[in-house]
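Visitor: First the structure, then my questions, so here it is.
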Amino acid sequence: MAFSAKHVETALCFVGNMRLNTLPCTGSALAPINWMCVHLSRDLGCGRLRPICSGASCCIDGLAMRHCFSVQDMTRDWVWATFCRTSPGPCWLSRKQFCCKANENVVTQLQTSEVETEKQAILPAGKKARAYPFHKIEPYWQQFWEANETFRTPDNIDTSKPKFYVLDMFPYPSGAGLHVGHPEGYTATDIIARYKRMRGFNVLHPMGWDAFGLPAEQYAIQTGTHPKITTLKNISQFRKQLKLLGFSYDWQREISTTEPAYYKWTQWIFLQLFKKGLAYQAELPVNWCPALGTVLANEEVIDGRSERGGHLVIRKPMKQWVLKITEYADRLLEDLDDIDWPESVKEMQRNWIGRSVGAELDFPIIKSDMVEDGFSLTVFTTRPDTLCGVTYLVIAPEHPLLDHLTSASQREEVNSYLESAAKKSDLERTELQRDKSGVFSGAYAKNPASGDDIPIWVSDHVLVSYGTGAIMAVPAHDSRDYAFATKFNLPIHAVVTPMEGSDWDGQKAYTGKGVLVNSCFEESGIDLNGLSNIEAAAKVVEWLEVTGLGRRKVNYRLRDWLFARQRYWGEPFPVVFLEDTGEVKPVQEGDLPITLPEMDDFTPTGTGDPPLAKATHWVETIDSGSGKAARRETNTMPQWAGSCWYYLRFIDPKNSNCLVDPRKERYWGPVDLYVGGAEHSVLHLLYARFWHKVLYDIGVVSTKEPFQCLVNQGIILGEVEYTAYRDTFGNLVSAESVEKISNYQQERIPENEVLKVGDNYVLKSNQRIQLSARAHKMSKSRGNVINPDDVVNAYGADSLRLYEMFMGPLRDCKVWSTNGVEGVHRFLGRAWRLVVDSTLLGDSYAEGPVAVHIEPSREQLRALHLCIQKVTEAIEDLRFNTAISAMMEFINAAYKWDNHPRAVLETFVLLLSPFAPHICEELWHRLGHSESLAYETWPKVEKDFLTEETVTLPVQINGKMRGTVQVPINADVSIAFASVIQDNYFDRFLSEKSIKKKIYVPGKVLNLIVSNSS
């Protein structure tokens, strides 16, 4: 069979992912093109083109024939064509409707019914052609890993080897299961775990469940199903989904916070906190819902009403367990400098702790008769320099002195205000943009510096839990105080004049640096005029300490940790209260765990007592230490408790004698890489650090910090949604003209009706109408949740893993696109065909491999080692998308080779394996290996192969670019010129020309100055 250049061009066009709409071919070339397409389609990685029926074996000019082809492209529908030639001449193949033209007349065309008949002969209805047999490969290797405990980290390991502890943030097993956002972080940690194993590390990569929580209890109240049953069902679903994705967890170490064997040690830690004086009880305000008769968590309260039922919620003081985290505030701040965390997370923790240095001072209280009554109101301030500018005080509605301060004439108004404040959460009260509210108490205090009598107000923007629950207001130099003073017509006295050059306009509070004025009072003996802010602050603190009116003080925004919930589904407290005295007694450690009683009724008691109060047989007990009658604590620990130390239990999950074996902890601690969402930046991470430091102090752990390196993965948004707007008359309005969305009717537009024009999206049918294009966070209410199970069924787990890493940098927010999954699926198909050859007819697969036992060329080794270098560096830096790009570049290069040495393909399979483990295990097996590749040695880059032997040299003729030649990298001008002369392409520019000058910049350019020969 003879082939022309036109045959090759046509075949290449045909199999090149159908990029061209029309494909020209010569009249008698169908048989050669048919043969060529079948073979080139594999080499180009574009699927397969093969004849499926034939009326003649070839096409000869002048003879009629009928030949039907199918194109099996892994991301497109099947395409069909029939050819009928009765005379020579050009023909065209259109993409959507293949037909033959002869002398511009259509001769024949396959009917739709025939197309469907032919199609069904190859693939069943609705079935999508697979790029490779992931549906067989993935279940097989998942079963293999589980049966062989491939990823188990044994208790007894070679501790001379380096270790790497990589951990995902403890997931809560919700009833909704996983969506595609969850596997992002899990895939990242799995890549690192697999990579480190291949680098010779002992790897600890466990998984477990933060399974206590409010949703399971709410479901129990609604349905009567025990929370344990719901939790176990949800865990089973989560575990199944995680295994479906091929994560290399050591499932032998699986733990759940709800198991007594686990929370025994949570209770043990609480006992240590109690013994150290770090756990105590206090009267604190909680969210009380009278209609539901229960205390609600903050997340259950929306706009002052219960999430369930919309009932009124008020703040009510109740006795609560509290942990003294403030005792560790300075250490929690200082040790942030020693860990590799995102600076944004560190800053959030610094702000949450809120260390501030200032002064605490006392304002003598003056009752309505303007006589000091012996009481003082203590305030904390970071601006003692502005003491002379204090014109009023503000206290929190819950301040213990409020009742004493309130005058008879103001009592009714104050009580009314307290009722209103009780309906607001702390978050609502401290919202900076909220309009300030308040009421005068009827009492005054004396400014100790100026001697002025200043009013005491009550306002809910002051919290009793922060500072002293009272503030001194300097409206001239504090924006919030200024807003409050202007609203209630309170005096404003400036005591700081701006520095020269300040842009302060005098119409608002001046909060910058300056010089003190109006701050000299002989009676009190204070003179601050002319001093800077810093100098004045130091002098005021000194004056306060000398006069006994105040003292230097370090304050924290951080409050002690409220550590109790009025719930059933949580860890019981290991304490009892003696019946005769009410004394709190810790349970003996030998009596742990204190397990939850079996109950059928989880509904609130209606009295404020937790549901456990109903279990009287459990509540009434004997204190084992004294033998006296006692009652158990009926509150339970919050969900945070179990997740504060789980990383330690993974190290030694079966130990019944101690929380963790010290020898194992010294080897494995701290966690080397901790990956999770940024939403846990403060609470979980701060609480875990606090507990860890307590355990460090009592000798349980050997490190000061639990997590050495922290990475927050970005969230994955749902697919882009396109929205059109219609006015009140039903007319379409372009998005850029829409000012207030509520004035328009919104209409969701399918993606296939959208066209991108420049940076905007418009309607295909009316391109004057611009659409709104936006991706939203995945949620059931929007209907944009993507179930990973569906993606796995359609494309395989490896495709999902690879796509989530290829979407963009791990830490960035990204937008989901199913088309993107198809793209990486094609890439994996190309990798498969590189080793195993093409998919066979009828959706079956060759056994392969096609690799050959020959020595690789230098070109092949250079491509391979460039890939090794890029992938290795990218994994180390968590730039997984860059690593995948490098492997795609390698595949593109490899498809151009005439042969594929086995040694090169084996190395590439190892590089790809952390990202797509299932397909790589299969390819490794088909390349002749009987063992898993999980512990194969990671490829090492040989730098000798990274250098290029040749370089592409631009060639200019009289300064104008005319082409390029390949020359040795160290070629001199004579070799470069000889390469040009030997290339027939340049004859057209040099024929009948004389070369006057050669300008050569080695490796950069060769410029020939020529003129016409005389």
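Here's how to read the names in the structure tokens: chain A, B, ... by the order shown, residue numbers from 1 in each chain, ligand numbers from 1 in the order shown.
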Near Asp362 of chain A, within 9 Å and counting only C-alpha atoms, which residues show up once chain neighbours fewer than 4 positions away are dropped, as a PyMOL selection string?

Guide: chain A and resi 376-379+448+549-550

Visitor: Take the residues just selected and output them with C-alpha atoms as a short mmCIF file (atom, residue, chain, number, x, y, z; two decimals), in the first residue's frame.

Guide:
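What landed in result-v5.cif:
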```cif
data_model
loop_
_atom_site.label_atom_id
_atom_site.label_comp_id
_atom_site.auth_asym_id
_atom_site.auth_seq_id
_atom_site.Cartn_x
_atom_site.Cartn_y
_atom_site.Cartn_z
CA SER A 376 -15.18 51.78 92.75
CA LEU A 377 -15.62 50.77 89.13
CA THR A 378 -12.46 49.13 87.79
CA VAL A 379 -11.65 49.48 84.10
CA PRO A 448 -9.40 60.50 89.30
CA LEU A 549 -5.60 54.37 92.11
CA GLY A 550 -4.46 51.79 89.59
#
```

Visitor: With a distance cut-off of 8 Å and only C-alpha atoms, select the neighbouring residues of segment 236-247 of chain A, excluding the residue or stretch itself and same-chain residues fewer than 5 positions from it, and output the selection as a VMD selection string.

Guide: chain A and resid 138 to 139 142 173 177 to 178 186 to 187 190 789 792 797 to 798 801 917 to 918

Visitor: Please build the interface table for segment 466-569 of chain A against segment 292-296 of chain A with a cut-off of 10 Å, listing for each qualifying residue the nearest atom pair and the distance in Å to one decimal; count only C-alpha atoms, order rows by chain and increasing number, and write it as CSV.

Guide:
```
residue,atom,partner,partner_atom,distance
A:Arg565,CA,A:Val295,CA,8.0
A:Gln566,CA,A:Val295,CA,6.2
A:Arg567,CA,A:Val295,CA,8.7
```

Visitor: Excluding Asp560 of chain A and any residue of its chain fewer than 6 positions from it, enumerate the residues within 8 Å of it, using only C-alpha atoms, and give them as a list in words.

Guide: Val322, Leu323, Lys324, Ile325 and Thr326 of chain A

Visitor: Grab the residues selected above and save them as a compact mmCIF listing (two decimals), in the first residue's frame with N, CA and C atoms.

Guide:
```txt
# COMPACT_ATOMS: atom_id res chain seq x y z
N VAL A 322 -15.41 25.30 83.07
CA VAL A 322 -14.57 26.23 82.30
C VAL A 322 -13.12 25.77 82.43
N LEU A 323 -12.37 25.85 81.32
CA LEU A 323 -10.94 25.53 81.34
C LEU A 323 -10.13 26.82 81.28
N LYS A 324 -9.13 26.89 82.10
CA LYS A 324 -8.36 28.12 82.26
C LYS A 324 -7.27 28.22 81.19
N ILE A 325 -7.68 28.39 79.96
CA ILE A 325 -6.75 28.51 78.85
C ILE A 325 -5.93 29.80 78.95
N THR A 326 -6.50 30.81 79.64
CA THR A 326 -5.79 32.09 79.78
C THR A 326 -4.48 31.92 80.54
```

Visitor: Measuring atom to atom with only C-alpha atoms, identify which of A:Thr386, A:Ser772, A:Ser974, A:Ser437 is nearest to Ile741 of chain A.

Guide: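 Among A:Thr386, A:Ser772, A:Ser974, A:Ser437, it is A:Ser772 that comes nearest to Ile741 of chain A.
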
Visitor: For Gln708 of chain A, please output as a list in words all residues within 9 Å (counting only C-alpha atoms; exclusion window: fewer than 4 positions along the same chain).

Guide: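 Counting only the stated atoms, we get Asp338, Ile339, Asp340, Trp341, Pro670, Val671, Asp672, Leu673 and Tyr674 of chain A.
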
Visitor: Would you save the residues from that selection as a compact mmCIF listing (two decimals), in the first residue's frame, using C-alpha atoms?

Guide:
```
# COMPACT_ATOMS: atom_id res chain seq x y z
CA ASP A 338 8.54 28.13 66.30
CA ILE A 339 6.04 26.45 63.95
CA ASP A 340 5.66 26.43 60.16
CA TRP A 341 2.11 27.70 59.82
CA PRO A 670 5.11 16.11 66.46
CA VAL A 671 2.86 15.82 63.39
CA ASP A 672 5.06 16.78 60.42
CA LEU A 673 2.25 17.85 58.09
CA TYR A 674 -1.30 18.74 59.17
```
